[in-house]
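J.: The structure under discussion is supplied below as structure tokens; questions concerning it will follow.
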Amino acid sequence: MKKLLIIFILVLIVLAFGCSKNNKQPNIPEWESFVLLPGTNWTEATNNASFSARYSHTSVVYNNKMWVIAGVGRVGGSITSMNDVWYSIDGADWIETTGNANFSARNGHTSIVYNNKMWVIAGENVSDLNDVWCSIDGITWSEITSGAKFSPRNGHTSIVYNNKMWVIGGAYNEYQTIMNDVWNSNDGNTWTQVTTTAGFSPRYGHTSVVYNNKMWVMCAYSPDLNDVWYSSDGINWAESTGSAAFPVRAWHTSVVYDNKMWVIAGNGNTSYLNDIWYSSDGINWIEATANAGLLPRYSHTSVVYNNKIWAIGGFTDVLRGISSYLNDVWYTP
């Protein structure tokens, strides 16, 4: 009997030891278990890119490069619009393809990539424009039309959706006329008015992206808004929220990254912002950070390149205590 009891106790000890060994947790250092979320931490690729400091420029990703096109800034002591074109493969080193493109100097224009070309659409320089240009190399630009059917404008948005180029909203006549019309084209020359009055209010300084097989319009200036709208045809627009969790803003940027829509910085009423927000449905917005490493700014550009979100240039009022044009370049994660 005593022998059986000893054997039983030994079996229990072996089982206990085996369970303890199998359930033992590895000793993982805190830094290894920490997951860096996109948008929370920003790294500066350069604080002084080769292109002159500017805002109200455009950026696209084309031919495995990031591009910066035109804009307005201080050149030779004067504030002037530009028509130069630059590209980079790393965000730090920038190469100028042309300092004087065929299209006239401008800001408040839009740029997209469509049909294996880069496109420049409308904008303003003294007066508003409605011309359309394209290029396959960033050096030579061809004018597709000097006067598109849509009215001259700046502060509009352009996207590629359903195999067409789209122009949404904007303003002209020194921002006296603000629009909420929607146009599309499959060649850049012939433009079709999809609607004269979209469901969202007339606006400029908004952003647009393509996400979840829909077109999205976010925020605006005049007045500053934080509403979010979407459409699958450009005619019928539904409001996902009239008051998003993020503060009102305009002249911000938006991108699609990591299966989410992102809103980056901007101008909120009288304050310049550097907060970062994201959403997977356009209704619920989560703040990635209230204070990104980059300076508060507006009229910058953002692209997704090399599996990172980039923020390029813009305008701030906190550098050296005075209003300043920027030519810094940042990325996350």
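Letters A, B, ... go to the chains of the structure tokens in the order shown; residues in each chain start at 1; ligands are counted from 1 in the same order.
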Output as a tab-separated table one row per residue of range 75-164 of chain A within 9 Å of range 295-318 of chain A: the closest atom pair and its distance in Å to one decimal place, counting only C-alpha atoms, sorted by chain and residue number ascending.
T.:
residue	atom	partner	partner_atom	distance
A:Asp90	CA	A:Asn306	CA	8.8
A:Gly91	CA	A:Trp310	CA	8.4
A:Gly108	CA	A:Ser299	CA	8.7
J.: Got a sec: who's within 10 Å of Thr197 in chain A, counting only C-alpha atoms, leaving out chain neighbours fewer than 5 positions off, as a list in words?
T.: Gly169, Met179, Asn180, Asp181, Val182, Pro202, Ile235 and Asn236 of chain A
J.: Using C-alpha atoms, can you write the selected residues to a file as a short mmCIF file (atom, residue, chain, number, x, y, z; two decimals), in the first residue's frame?
T.:
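As written to disk, again00.cif reads:
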data_model
loop_
_atom_site.label_atom_id
_atom_site.label_comp_id
_atom_site.auth_asym_id
_atom_site.auth_seq_id
_atom_site.Cartn_x
_atom_site.Cartn_y
_atom_site.Cartn_z
CA GLY A 169 -15.96 71.22 -56.07
CA MET A 179 -19.02 75.02 -55.93
CA ASN A 180 -20.21 71.49 -55.24
CA ASP A 181 -20.37 70.28 -58.82
CA VAL A 182 -18.85 66.99 -59.99
CA PRO A 202 -20.31 73.91 -51.74
CA ILE A 235 -24.50 61.80 -58.42
CA ASN A 236 -25.89 60.47 -55.16
#
J.: So that I can see what lies close to range 65-67 of chain A, please list as a list of chain:residue names the residues with an atom at most 7 Å from it, counting only C-alpha atoms and leaving out residues fewer than 5 positions away in the same chain.
T.: A:Ser59, A:Val60, A:Trp86, A:Tyr87, A:Ser88, A:Ile89
J.: Just to be explicit: take each residue in the selection above, keep N, CA and C atoms, and write the result as a PDB file, in the first residue's frame.
T.:
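Final output, again-v6.pdb:
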ATOM      1  N   SER A  59       1.360  66.535 -55.098  1.00  0.00           N
ATOM      2  CA  SER A  59       2.286  65.404 -55.105  1.00  0.00           C
ATOM      3  C   SER A  59       1.552  64.154 -55.591  1.00  0.00           C
ATOM      4  N   VAL A  60       2.265  63.328 -56.339  1.00  0.00           N
ATOM      5  CA  VAL A  60       1.749  62.032 -56.769  1.00  0.00           C
ATOM      6  C   VAL A  60       2.869  61.003 -56.658  1.00  0.00           C
ATOM      7  N   TRP A  86       9.659  68.184 -59.498  1.00  0.00           N
ATOM      8  CA  TRP A  86      10.735  67.484 -58.808  1.00  0.00           C
ATOM      9  C   TRP A  86      10.313  66.052 -58.498  1.00  0.00           C
ATOM     10  N   TYR A  87      11.316  65.161 -58.318  1.00  0.00           N
ATOM     11  CA  TYR A  87      11.006  63.802 -57.887  1.00  0.00           C
ATOM     12  C   TYR A  87      12.068  63.288 -56.930  1.00  0.00           C
ATOM     13  N   SER A  88      11.693  62.215 -56.187  1.00  0.00           N
ATOM     14  CA  SER A  88      12.600  61.600 -55.225  1.00  0.00           C
ATOM     15  C   SER A  88      12.264  60.125 -55.079  1.00  0.00           C
ATOM     16  N   ILE A  89      13.289  59.313 -54.813  1.00  0.00           N
ATOM     17  CA  ILE A  89      13.050  57.897 -54.542  1.00  0.00           C
ATOM     18  C   ILE A  89      13.166  57.582 -53.057  1.00  0.00           C
TER      19      ILE A  89
END
J.: Within 8 Å of Asn226 in chain A, counting only C-alpha atoms, which residues show up once you throw out same-chain ones fewer than 6 positions away? Write them as an MDAnalysis selection string, please.
T.: chainID A and resid 218:220 242:244 246:249
J.: Would you please give, as a ChimeraX atom specification, all residues of range 10-203 of chain A that DSSP assigns to alpha helix (DSSP H) based on the backbone?
T.: /A:10-22,30-33
J.: Of the candidates A:Thr98, A:Ser231, A:Asn125, A:Thr40, which one gets nearest to Ile276 in chain A if we count only C-alpha atoms?
T.: A:Thr40
J.: Just the number, please: distance in Å from CA of Gly170 in chain A to CA of Ser271 in chain A, one decimal.
T.: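 Spanning CA of Gly170 in chain A to CA of Ser271 in chain A is a straight-line distance of 21.9 Å.
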J.: Find the residue from A:Ala198, A:Ile283, A:Val132, A:Ala92 that sits nearest to Ser240 in chain A; use only C-alpha atoms when measuring.
T.: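 Between A:Ala198, A:Ile283, A:Val132, A:Ala92, the residue approaching Ser240 in chain A most closely is A:Ile283.
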J.: Between A:Glu239, A:Asp281, A:Glu44, A:Glu124, which residue has the minimum interatomic distance to Gly293 in chain A, considering only C-alpha atoms?
T.: A:Glu44
J.: List every residue of range 11-188 of chain A that DSSP, applied to the backbone, labels as strand (DSSP E), and write the result as number ranges by chain.
T.: A: 43-46, 58-62, 65-75, 78-88, 95-98, 110-114, 117-125, 127-135, 142-145, 157-161, 164-172, 177-185
J.: How about saving the chosen residues, C-alpha atoms kept, as a CSV table (one decimal), in the first residue's frame?
T.:
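Output below, filename again.csv:
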chain,number,residue,atom,x,y,z
A,43,THR,CA,10.5,60.5,-39.0
A,44,GLU,CA,12.0,63.5,-40.8
A,45,ALA,CA,13.6,62.5,-44.1
A,46,THR,CA,14.9,66.0,-44.6
A,58,THR,CA,0.6,68.8,-55.5
A,59,SER,CA,2.3,65.4,-55.1
A,60,VAL,CA,1.7,62.0,-56.8
A,61,VAL,CA,3.5,58.7,-56.9
A,62,TYR,CA,4.5,57.8,-60.4
A,65,LYS,CA,9.0,58.0,-57.4
A,66,MET,CA,7.4,60.7,-55.4
A,67,TRP,CA,6.8,63.9,-57.2
A,68,VAL,CA,6.3,67.6,-56.2
A,69,ILE,CA,4.6,69.8,-58.8
A,70,ALA,CA,4.4,73.6,-58.7
A,71,GLY,CA,2.9,75.6,-55.8
A,72,VAL,CA,3.5,79.0,-54.2
A,73,GLY,CA,6.4,80.2,-52.1
A,74,ARG,CA,9.0,82.8,-51.5
A,75,VAL,CA,11.5,82.9,-54.4
A,78,SER,CA,9.1,87.6,-53.6
A,79,ILE,CA,6.0,85.4,-53.0
A,80,THR,CA,5.3,83.8,-56.3
A,81,SER,CA,3.6,80.7,-57.9
A,82,MET,CA,5.9,78.2,-59.6
A,83,ASN,CA,5.8,75.6,-62.4
A,84,ASP,CA,8.8,73.5,-61.5
A,85,VAL,CA,8.7,69.7,-61.2
A,86,TRP,CA,10.7,67.5,-58.8
A,87,TYR,CA,11.0,63.8,-57.9
A,88,SER,CA,12.6,61.6,-55.2
A,95,ILE,CA,15.9,66.0,-58.5
A,96,GLU,CA,14.5,68.7,-60.6
A,97,THR,CA,13.1,67.5,-64.0
A,98,THR,CA,12.2,71.0,-65.1
A,110,THR,CA,-4.7,69.1,-58.6
A,111,SER,CA,-2.5,66.3,-59.8
A,112,ILE,CA,-3.3,62.6,-60.4
A,113,VAL,CA,-1.9,59.6,-62.2
A,114,TYR,CA,-4.1,58.2,-65.0
A,117,LYS,CA,0.6,59.7,-67.2
A,118,MET,CA,0.8,62.5,-64.6
A,119,TRP,CA,-1.9,65.1,-64.9
A,120,VAL,CA,-2.2,68.7,-63.8
A,121,ILE,CA,-5.7,70.1,-63.6
A,122,ALA,CA,-6.7,73.8,-63.2
A,123,GLY,CA,-5.5,75.9,-60.3
A,124,GLU,CA,-4.8,79.6,-60.1
A,125,ASN,CA,-2.2,82.3,-60.6
A,127,SER,CA,-6.7,84.3,-62.3
A,128,ASP,CA,-8.3,80.9,-62.0
A,129,LEU,CA,-7.6,78.3,-64.6
A,130,ASN,CA,-9.4,75.3,-66.2
A,131,ASP,CA,-6.7,73.9,-68.4
A,132,VAL,CA,-5.5,70.3,-68.3
A,133,TRP,CA,-2.0,69.0,-68.9
A,134,CYS,CA,-0.2,65.6,-68.9
A,135,SER,CA,3.3,64.2,-69.0
A,142,SER,CA,1.3,68.4,-73.2
A,143,GLU,CA,-1.8,70.6,-73.1
A,144,ILE,CA,-4.9,68.5,-73.5
A,145,THR,CA,-7.2,71.5,-73.3
A,157,THR,CA,-10.0,67.8,-55.7
A,158,SER,CA,-9.3,65.2,-58.3
A,159,ILE,CA,-9.3,61.4,-58.1
A,160,VAL,CA,-9.3,58.4,-60.4
A,161,TYR,CA,-12.4,56.3,-60.0
A,164,LYS,CA,-12.2,58.1,-65.2
A,165,MET,CA,-10.7,61.3,-63.9
A,166,TRP,CA,-12.9,63.3,-61.6
A,167,VAL,CA,-13.0,67.0,-60.5
A,168,ILE,CA,-15.0,67.8,-57.4
A,169,GLY,CA,-16.0,71.2,-56.1
A,170,GLY,CA,-13.6,74.2,-55.7
A,171,ALA,CA,-13.9,77.9,-55.9
A,172,TYR,CA,-13.2,80.7,-58.4
A,177,THR,CA,-18.1,81.5,-56.0
A,178,ILE,CA,-17.9,78.2,-54.2
A,179,MET,CA,-19.0,75.0,-55.9
A,180,ASN,CA,-20.2,71.5,-55.2
A,181,ASP,CA,-20.4,70.3,-58.8
A,182,VAL,CA,-18.8,67.0,-60.0
A,183,TRP,CA,-17.2,66.3,-63.4
A,184,ASN,CA,-15.5,63.3,-65.0
A,185,SER,CA,-13.5,62.5,-68.1
